[in-house]
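Source file: target38.cif (mmCIF, C-alpha atoms)
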data_entry
loop_
_atom_site.label_atom_id
_atom_site.label_comp_id
_atom_site.auth_asym_id
_atom_site.auth_seq_id
_atom_site.Cartn_x
_atom_site.Cartn_y
_atom_site.Cartn_z
CA MET A 6 -2.99 -28.27 2.22
CA SER A 7 -2.34 -26.09 -0.85
CA ILE A 8 -2.34 -22.32 -0.53
CA TRP A 9 -5.07 -22.30 -3.19
CA GLU A 10 -7.43 -23.88 -0.67
CA TYR A 11 -7.63 -20.47 1.00
CA ALA A 12 -9.02 -18.97 -2.19
CA ASN A 13 -12.25 -20.57 -1.04
CA PRO A 14 -14.19 -17.74 0.66
CA ARG A 15 -15.27 -19.94 3.56
CA ARG A 16 -11.71 -21.05 4.32
CA PHE A 17 -10.42 -17.50 3.91
CA MET A 18 -13.02 -16.16 6.35
CA ALA A 19 -12.10 -18.79 8.93
CA LEU A 20 -8.34 -18.20 8.61
CA SER A 21 -8.59 -14.40 8.58
CA ALA A 22 -10.82 -14.45 11.67
CA ARG A 23 -8.04 -16.23 13.56
CA LEU A 24 -5.24 -14.05 12.19
CA GLN A 25 -6.82 -10.62 12.54
CA PRO A 26 -6.47 -10.10 16.33
CA TRP A 27 -2.77 -11.05 16.24
CA VAL A 28 -1.98 -8.89 13.22
CA TRP A 29 -3.81 -5.87 14.67
CA THR A 30 -2.05 -6.26 18.02
CA LEU A 31 1.42 -6.51 16.47
CA ALA A 32 0.69 -3.62 14.09
CA ILE A 33 -0.37 -1.30 16.93
CA LEU A 34 2.57 -2.29 19.11
CA LEU A 35 5.17 -1.83 16.38
CA CYS A 36 3.67 1.40 15.01
CA GLY A 37 3.38 2.86 18.50
CA THR A 38 6.90 1.81 19.49
CA GLY A 39 8.51 3.02 16.26
CA LEU A 40 6.73 6.38 16.16
CA VAL A 41 7.33 7.21 19.82
CA TRP A 42 10.97 6.11 19.51
CA GLY A 43 11.49 8.08 16.31
CA PHE A 44 9.70 11.30 17.29
CA PHE A 45 10.80 11.61 20.92
CA PHE A 46 14.03 9.63 21.37
CA THR A 47 16.11 10.47 18.31
CA PRO A 48 18.27 13.60 17.86
CA GLU A 49 17.79 16.24 15.19
CA ASP A 50 19.75 15.81 12.00
CA PHE A 51 22.76 18.11 11.48
CA ARG A 52 21.39 19.22 8.07
CA MET A 53 17.62 18.75 8.29
CA GLY A 54 17.08 19.56 11.96
CA HIS A 55 13.84 18.25 13.48
CA SER A 56 12.18 18.07 10.05
CA VAL A 57 13.96 14.74 9.52
CA LYS A 58 11.44 13.10 11.87
CA ILE A 59 8.75 13.27 9.21
CA ILE A 60 10.64 10.30 7.74
CA TYR A 61 8.74 8.02 10.14
CA ILE A 62 5.48 8.83 8.35
CA HIS A 63 6.71 9.64 4.86
CA VAL A 64 8.88 6.59 4.16
CA PRO A 65 6.47 3.88 5.43
CA SER A 66 3.50 5.47 3.63
CA ALA A 67 5.46 5.80 0.38
CA PHE A 68 6.70 2.21 0.72
CA LEU A 69 3.15 0.92 1.16
CA ALA A 70 1.71 3.12 -1.59
CA ILE A 71 4.02 1.41 -4.08
CA ASN A 72 3.89 -2.11 -2.69
CA ALA A 73 0.11 -2.07 -2.25
CA TRP A 74 -0.07 -1.73 -6.02
CA PHE A 75 2.31 -4.66 -6.46
CA MET A 76 0.11 -6.70 -4.11
CA MET A 77 -2.88 -5.73 -6.27
CA LEU A 78 -0.91 -6.80 -9.36
CA VAL A 79 -0.28 -10.28 -7.92
CA THR A 80 -3.90 -10.79 -6.84
CA SER A 81 -5.14 -9.44 -10.19
CA LEU A 82 -2.95 -11.94 -12.05
CA VAL A 83 -4.31 -14.73 -9.83
CA TRP A 84 -7.83 -13.63 -10.79
CA LEU A 85 -7.04 -13.49 -14.52
CA ILE A 86 -5.28 -16.87 -14.52
CA ARG A 87 -7.17 -18.93 -11.92
CA ARG A 88 -10.44 -16.98 -11.50
CA HIS A 89 -10.38 -17.02 -7.69
CA HIS A 90 -12.88 -14.45 -6.45
CA VAL A 91 -11.09 -13.84 -3.14
CA SER A 92 -8.02 -12.59 -5.00
CA ALA A 93 -10.08 -10.06 -7.00
CA LEU A 94 -11.82 -8.89 -3.83
CA ALA A 95 -8.46 -8.59 -2.02
CA ALA A 96 -7.18 -6.32 -4.82
CA ARG A 97 -10.33 -4.21 -4.55
CA ALA A 98 -9.94 -4.06 -0.77
CA ALA A 99 -6.30 -2.89 -1.01
CA ALA A 100 -6.92 -0.04 -3.47
CA PRO A 101 -8.38 2.58 -1.06
CA ILE A 102 -5.62 1.82 1.43
CA GLY A 103 -3.01 2.35 -1.27
CA LEU A 104 -4.68 5.60 -2.31
CA ILE A 105 -4.62 6.91 1.27
CA MET A 106 -0.96 5.95 1.64
CA THR A 107 -0.16 7.71 -1.64
CA ALA A 108 -1.92 10.87 -0.43
CA VAL A 109 -0.10 10.73 2.92
CA ALA A 110 3.26 10.28 1.16
CA LEU A 111 2.60 13.20 -1.18
CA ILE A 112 1.43 15.51 1.63
CA THR A 113 4.26 14.65 4.01
CA GLY A 114 6.73 14.88 1.12
CA ALA A 115 5.47 18.39 0.34
CA ILE A 116 5.75 19.43 3.99
CA TRP A 117 9.28 17.99 4.15
CA GLY A 118 10.22 19.46 0.78
CA LYS A 119 9.46 23.07 1.70
CA PRO A 120 12.34 23.54 4.20
CA MET A 121 14.67 21.24 2.24
CA TRP A 122 14.06 22.35 -1.34
CA GLY A 123 12.40 25.72 -0.81
CA THR A 124 9.20 24.55 -2.53
CA TYR A 125 6.28 22.24 -1.76
CA TRP A 126 6.29 20.69 -5.22
CA GLU A 127 8.70 20.13 -8.06
CA TRP A 128 8.09 18.13 -11.23
CA ASP A 129 10.77 15.70 -10.12
CA PRO A 130 10.63 12.25 -11.85
CA ARG A 131 9.82 10.39 -8.64
CA LEU A 132 7.22 12.91 -7.48
CA THR A 133 5.55 13.03 -10.89
CA SER A 134 5.36 9.25 -11.27
CA PHE A 135 4.02 9.03 -7.71
CA LEU A 136 1.27 11.52 -8.51
CA ILE A 137 0.32 9.52 -11.62
CA LEU A 138 0.24 6.36 -9.48
CA GLY A 139 -2.28 8.11 -7.22
CA LEU A 140 -4.43 8.90 -10.28
CA PHE A 141 -4.31 5.23 -11.26
CA TYR A 142 -5.56 4.32 -7.77
CA LEU A 143 -8.47 6.73 -8.27
CA GLY A 144 -9.22 5.27 -11.70
CA TYR A 145 -9.07 1.72 -10.36
CA ILE A 146 -11.53 2.48 -7.56
CA ALA A 147 -13.85 4.38 -9.92
CA LEU A 148 -13.83 1.52 -12.45
CA TRP A 149 -14.87 -0.99 -9.80
CA SER A 150 -17.76 1.28 -8.81
CA ALA A 151 -18.87 2.02 -12.38
CA ILE A 152 -19.45 -1.59 -13.52
CA GLU A 153 -22.32 -3.60 -12.09
CA ASP A 154 -21.17 -7.04 -13.20
CA ALA A 155 -18.57 -8.05 -10.59
CA ASP A 156 -16.62 -10.45 -12.83
CA GLN A 157 -16.42 -7.92 -15.68
CA ALA A 158 -15.30 -5.25 -13.19
CA ALA A 159 -12.61 -7.60 -11.89
CA ASP A 160 -11.39 -8.29 -15.44
CA LEU A 161 -11.15 -4.63 -16.44
CA THR A 162 -9.59 -3.45 -13.17
CA SER A 163 -7.03 -6.26 -13.40
CA ILE A 164 -6.00 -5.02 -16.85
CA LEU A 165 -5.81 -1.46 -15.49
CA CYS A 166 -3.63 -2.77 -12.67
CA LEU A 167 -1.20 -4.26 -15.20
CA VAL A 168 -0.90 -0.89 -16.96
CA GLY A 169 -0.53 1.07 -13.71
CA THR A 170 2.32 -1.18 -12.60
CA VAL A 171 4.60 0.80 -14.95
CA PHE A 172 4.13 3.87 -12.77
CA ALA A 173 4.55 1.85 -9.57
CA VAL A 174 7.94 0.72 -10.89
CA LEU A 175 8.82 4.28 -11.93
CA SER A 176 7.83 5.56 -8.47
CA ARG A 177 10.16 3.04 -6.88
CA TYR A 178 13.16 3.42 -9.18
CA ALA A 179 12.80 6.92 -10.70
CA ALA A 180 15.80 8.23 -8.77
CA GLN A 181 17.91 5.45 -10.32
CA PHE A 182 16.47 5.91 -13.83
CA TRP A 183 17.19 9.66 -13.94
CA ASN A 184 20.06 11.54 -12.34
CA GLN A 185 18.22 14.85 -12.36
CA GLY A 186 15.60 15.68 -9.74
CA LEU A 187 15.52 16.98 -6.20
CA HIS A 188 14.46 13.79 -4.46
CA GLN A 189 17.23 12.16 -2.45
CA GLY A 190 18.19 8.51 -2.71
CA ALA A 191 16.59 5.67 -0.79
CA SER A 192 16.39 5.97 3.01
CA LEU A 193 16.34 2.17 3.30
CA SER A 194 18.49 0.10 0.99
CA LEU A 195 20.40 -3.16 0.80
CA ASP A 196 23.41 -0.94 0.24
CA ALA A 197 24.45 0.12 3.75
CA GLU A 198 26.07 3.29 2.43
CA GLU A 199 22.70 4.64 1.22
CA ASN A 200 20.83 4.09 4.49
CA VAL A 201 20.17 6.83 7.00
CA ALA A 202 22.24 6.77 10.20
CA ASP A 203 21.51 3.91 12.59
CA VAL A 204 20.01 6.26 15.18
CA PHE A 205 17.23 7.01 12.66
CA TRP A 206 17.32 3.70 10.79
CA LEU A 207 16.39 1.39 13.70
CA PRO A 208 13.13 3.11 14.71
CA LEU A 209 12.32 3.55 11.01
CA VAL A 210 12.54 -0.22 10.45
CA VAL A 211 10.27 -0.84 13.47
CA THR A 212 7.75 1.71 12.18
CA LEU A 213 7.90 0.27 8.68
CA ALA A 214 7.19 -3.23 10.02
CA GLY A 215 4.22 -1.80 11.94
CA PHE A 216 2.86 -0.09 8.81
CA VAL A 217 3.18 -3.31 6.80
CA LEU A 218 1.24 -5.24 9.45
CA LEU A 219 -1.32 -2.42 9.58
CA PHE A 220 -1.76 -2.76 5.82
CA VAL A 221 -2.21 -6.54 6.15
CA ALA A 222 -4.76 -6.07 8.93
CA LEU A 223 -6.73 -3.51 6.91
CA VAL A 224 -6.68 -5.68 3.78
CA LEU A 225 -7.94 -8.69 5.75
CA MET A 226 -10.70 -6.61 7.30
CA ARG A 227 -11.77 -5.02 4.01
CA THR A 228 -11.59 -8.31 2.09
CA ARG A 229 -13.88 -9.91 4.66
CA THR A 230 -16.26 -6.97 4.17
CA GLU A 231 -16.16 -7.42 0.37
CA ILE A 232 -16.93 -11.14 0.72
CA ARG A 233 -19.90 -10.39 2.97
CA ARG A 234 -21.10 -7.74 0.51
CA ARG A 235 -20.87 -10.26 -2.34
CA ARG A 236 -22.87 -12.79 -0.31
CA LEU A 237 -25.57 -10.25 0.51
CA HIS A 238 -25.80 -9.29 -3.15
CA ALA A 239 -26.17 -12.97 -4.14
CA LEU A 240 -28.90 -13.49 -1.52
CA ALA A 241 -30.75 -10.38 -2.71
CA LEU A 242 -30.65 -11.66 -6.30
CA ARG A 243 -31.89 -15.08 -5.21
CA ASP A 244 -34.80 -13.53 -3.30
CA ARG A 245 -35.69 -11.41 -6.32
CA LEU A 246 -35.72 -14.45 -8.60
CA ALA A 247 -37.76 -16.43 -6.09
#
The structure given in the file should be rewritten as structure tokens.
Amino acid sequence: MSIWEYANPRRFMALSARLQPWVWTLAILLCGTGLVWGFFFTPEDFRMGHSVKIIYIHVPSAFLAINAWFMMLVTSLVWLIRRHHVSALAARAAAPIGLIMTAVALITGAIWGKPMWGTYWEWDPRLTSFLILGLFYLGYIALWSAIEDADQAADLTSILCLVGTVFAVLSRYAAQFWNQGLHQGASLSLDAEENVADVFWLPLVVTLAGFVLLFVALVLMRTRTEIRRRRLHALALRDRLA
């Protein structure tokens, strides 16, 4: 069976109903394990002290804030090319989650930045591009709400998603694009020399996996809600015409 078969709302609802309990269970287990491990069973850093433990919230939320937008980009392209409604609804479902993750990353980054940099905010390239990404999330959500015709809303928000991807890329790679700025390098990287120490890295990976599964679970749940809302709207229109 082709993956495109699951673009059918009925098939998607059936598959997601089976997957949801497993994804939620794994997400809770991994998030709980990683956060407890990181907050209570790791030492303080020799430079950052106990403030380093905010990494277990800041890094996963920042990772998801950026990659949620990339997920929206893929589903928006599927909508523009193949006109599958489930993909457009999945992008719409992911946007509020991405916005919340962006807000969490900005807030925890400010809390972490105060003892490290001496200020809650600096117009650092990565911080600035991240803030702009959050504004794109707000604009995306507002555009969906402002347009009554669902297909037209999906078209326009997909185009907005393409434009906003520039700032998602900048948020991810700003530290590499510009040498100036206060923000440190990546905490997780394919380059072992850039990673945090193993004592912090292992629980961080567990927590990150939990956050990713939490994102998947929330997107499945919200996409199912969007499909039901679309069905109710169609039924209401049919009753009105009848």
Chain and number of each residue from the PyMOL selection byres ((chain A and resi 164) around 12), as a compact mmCIF listing (two decimals) with C-alpha atoms, in the frame of the given file:
# COMPACT_ATOMS: atom_id res chain seq x y z
CA MET A 77 -2.88 -5.73 -6.27
CA LEU A 78 -0.91 -6.80 -9.36
CA VAL A 79 -0.28 -10.28 -7.92
CA THR A 80 -3.90 -10.79 -6.84
CA SER A 81 -5.14 -9.44 -10.19
CA LEU A 82 -2.95 -11.94 -12.05
CA TRP A 84 -7.83 -13.63 -10.79
CA LEU A 85 -7.04 -13.49 -14.52
CA ALA A 93 -10.08 -10.06 -7.00
CA PHE A 141 -4.31 5.23 -11.26
CA GLY A 144 -9.22 5.27 -11.70
CA TYR A 145 -9.07 1.72 -10.36
CA LEU A 148 -13.83 1.52 -12.45
CA GLN A 157 -16.42 -7.92 -15.68
CA ALA A 158 -15.30 -5.25 -13.19
CA ALA A 159 -12.61 -7.60 -11.89
CA ASP A 160 -11.39 -8.29 -15.44
CA LEU A 161 -11.15 -4.63 -16.44
CA THR A 162 -9.59 -3.45 -13.17
CA SER A 163 -7.03 -6.26 -13.40
CA LEU A 165 -5.81 -1.46 -15.49
CA CYS A 166 -3.63 -2.77 -12.67
CA LEU A 167 -1.20 -4.26 -15.20
CA VAL A 168 -0.90 -0.89 -16.96
CA GLY A 169 -0.53 1.07 -13.71
CA THR A 170 2.32 -1.18 -12.60
What do you get, as a ChimeraX atom specification, if you spell out every residue that the PyMOL selection byres ((chain A and resi 17) around 12) selects here?
/A:8-16,18-25,89-92,94-95,225-226,228-229,232-233
Any idea what the distance is between CA of Ala108 (chain A) and CA of Ser56 (chain A)?
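These two atoms are separated by 19.0 Å.
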Give me, please, the distance in Å between CA of Gly114 (chain A) and CA of Ala96 (chain A), quoted to one decimal.
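Here the two named atoms are 26.0 Å from each other.
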Please check which residues have atoms at most 12 Å from (-1.1, 8.5, -10.8) in the file's coordinates, counting only C-alpha atoms, and write them as a PyMOL selection string.
chain A and resi 70-71+74+103-104+107-108+111+131-145+165-166+168-176
One number please: CA of Gly39 (chain A) to CA of Ala115 (chain A), in Å, one decimal.
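Going from CA of Gly39 (chain A) over to CA of Ala115 (chain A) covers 22.3 Å.
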Which residues match the PyMOL selection byres ((chain A and resi 212) around 10) in the file above, as number ranges by chain?
A: 32-43, 61-62, 64-65, 206-211, 213-218
Hey, what's within 9 Å of Ile105 (chain A) if we count all atoms listed in the file and toss same-chain stuff fewer than 4 positions away? As a list in words, please?
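The contact residues come out as Ser66, Ala70, Ala100, Pro101, Val109, Ala110 and Gly139 of chain A.
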Find, counting all atoms listed in the file, the residue in A:Arg88, A:Arg227, A:Arg52, A:Lys58 that gets nearest to Val204 (chain A).
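The shortest atom-to-atom distance to Val204 (chain A) comes from A:Lys58.
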Let me make sure I understand: among A:Thr113, A:Thr124, A:Leu237, A:Trp149, which one has the smallest atom-to-atom distance to His63 (chain A) if we use all atoms listed in the file?
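So, comparing all the options, the nearest one is A:Thr113.
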Kindly reconstruct region 202-216 of chain A with N, CA, C and O atoms and present the result as a PDB file, in the frame of the given file.
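Produced file result-v4.pdb, reproduced below:
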ATOM      1  N   ALA A 202      21.441   7.190   9.034  1.00  0.00           N
ATOM      2  CA  ALA A 202      22.240   6.770  10.200  1.00  0.00           C
ATOM      3  C   ALA A 202      21.445   5.826  11.087  1.00  0.00           C
ATOM      4  O   ALA A 202      20.212   5.886  11.147  1.00  0.00           O
ATOM      5  N   ASP A 203      22.158   4.933  11.770  1.00  0.00           N
ATOM      6  CA  ASP A 203      21.510   3.910  12.590  1.00  0.00           C
ATOM      7  C   ASP A 203      20.548   4.491  13.618  1.00  0.00           C
ATOM      8  O   ASP A 203      19.526   3.883  13.933  1.00  0.00           O
ATOM      9  N   VAL A 204      20.866   5.667  14.151  1.00  0.00           N
ATOM     10  CA  VAL A 204      20.010   6.260  15.180  1.00  0.00           C
ATOM     11  C   VAL A 204      18.615   6.561  14.613  1.00  0.00           C
ATOM     12  O   VAL A 204      17.623   6.540  15.338  1.00  0.00           O
ATOM     13  N   PHE A 205      18.522   6.809  13.315  1.00  0.00           N
ATOM     14  CA  PHE A 205      17.230   7.010  12.660  1.00  0.00           C
ATOM     15  C   PHE A 205      16.730   5.719  12.003  1.00  0.00           C
ATOM     16  O   PHE A 205      15.524   5.495  11.911  1.00  0.00           O
ATOM     17  N   TRP A 206      17.668   4.895  11.556  1.00  0.00           N
ATOM     18  CA  TRP A 206      17.320   3.700  10.790  1.00  0.00           C
ATOM     19  C   TRP A 206      16.565   2.671  11.634  1.00  0.00           C
ATOM     20  O   TRP A 206      15.561   2.100  11.179  1.00  0.00           O
ATOM     21  N   LEU A 207      17.009   2.433  12.878  1.00  0.00           N
ATOM     22  CA  LEU A 207      16.390   1.390  13.700  1.00  0.00           C
ATOM     23  C   LEU A 207      14.912   1.666  13.997  1.00  0.00           C
ATOM     24  O   LEU A 207      14.061   0.799  13.768  1.00  0.00           O
ATOM     25  N   PRO A 208      14.554   2.860  14.508  1.00  0.00           N
ATOM     26  CA  PRO A 208      13.130   3.110  14.710  1.00  0.00           C
ATOM     27  C   PRO A 208      12.343   3.154  13.400  1.00  0.00           C
ATOM     28  O   PRO A 208      11.147   2.826  13.387  1.00  0.00           O
ATOM     29  N   LEU A 209      12.995   3.534  12.304  1.00  0.00           N
ATOM     30  CA  LEU A 209      12.320   3.550  11.010  1.00  0.00           C
ATOM     31  C   LEU A 209      11.941   2.133  10.582  1.00  0.00           C
ATOM     32  O   LEU A 209      10.834   1.895  10.076  1.00  0.00           O
ATOM     33  N   VAL A 210      12.833   1.177  10.796  1.00  0.00           N
ATOM     34  CA  VAL A 210      12.540  -0.220  10.450  1.00  0.00           C
ATOM     35  C   VAL A 210      11.377  -0.749  11.300  1.00  0.00           C
ATOM     36  O   VAL A 210      10.488  -1.439  10.789  1.00  0.00           O
ATOM     37  N   VAL A 211      11.369  -0.407  12.590  1.00  0.00           N
ATOM     38  CA  VAL A 211      10.270  -0.840  13.470  1.00  0.00           C
ATOM     39  C   VAL A 211       8.954  -0.251  12.992  1.00  0.00           C
ATOM     40  O   VAL A 211       7.924  -0.941  12.908  1.00  0.00           O
ATOM     41  N   THR A 212       8.970   1.046  12.666  1.00  0.00           N
ATOM     42  CA  THR A 212       7.750   1.710  12.180  1.00  0.00           C
ATOM     43  C   THR A 212       7.292   1.109  10.862  1.00  0.00           C
ATOM     44  O   THR A 212       6.092   0.891  10.653  1.00  0.00           O
ATOM     45  N   LEU A 213       8.231   0.843   9.975  1.00  0.00           N
ATOM     46  CA  LEU A 213       7.900   0.270   8.680  1.00  0.00           C
ATOM     47  C   LEU A 213       7.236  -1.102   8.848  1.00  0.00           C
ATOM     48  O   LEU A 213       6.232  -1.410   8.185  1.00  0.00           O
ATOM     49  N   ALA A 214       7.790  -1.921   9.751  1.00  0.00           N
ATOM     50  CA  ALA A 214       7.190  -3.230  10.020  1.00  0.00           C
ATOM     51  C   ALA A 214       5.757  -3.067  10.551  1.00  0.00           C
ATOM     52  O   ALA A 214       4.847  -3.816  10.171  1.00  0.00           O
ATOM     53  N   GLY A 215       5.558  -2.065  11.422  1.00  0.00           N
ATOM     54  CA  GLY A 215       4.220  -1.800  11.940  1.00  0.00           C
ATOM     55  C   GLY A 215       3.258  -1.378  10.846  1.00  0.00           C
ATOM     56  O   GLY A 215       2.106  -1.823  10.808  1.00  0.00           O
ATOM     57  N   PHE A 216       3.710  -0.535   9.921  1.00  0.00           N
ATOM     58  CA  PHE A 216       2.860  -0.090   8.810  1.00  0.00           C
ATOM     59  C   PHE A 216       2.504  -1.252   7.901  1.00  0.00           C
ATOM     60  O   PHE A 216       1.374  -1.344   7.410  1.00  0.00           O
TER      61      PHE A 216
END
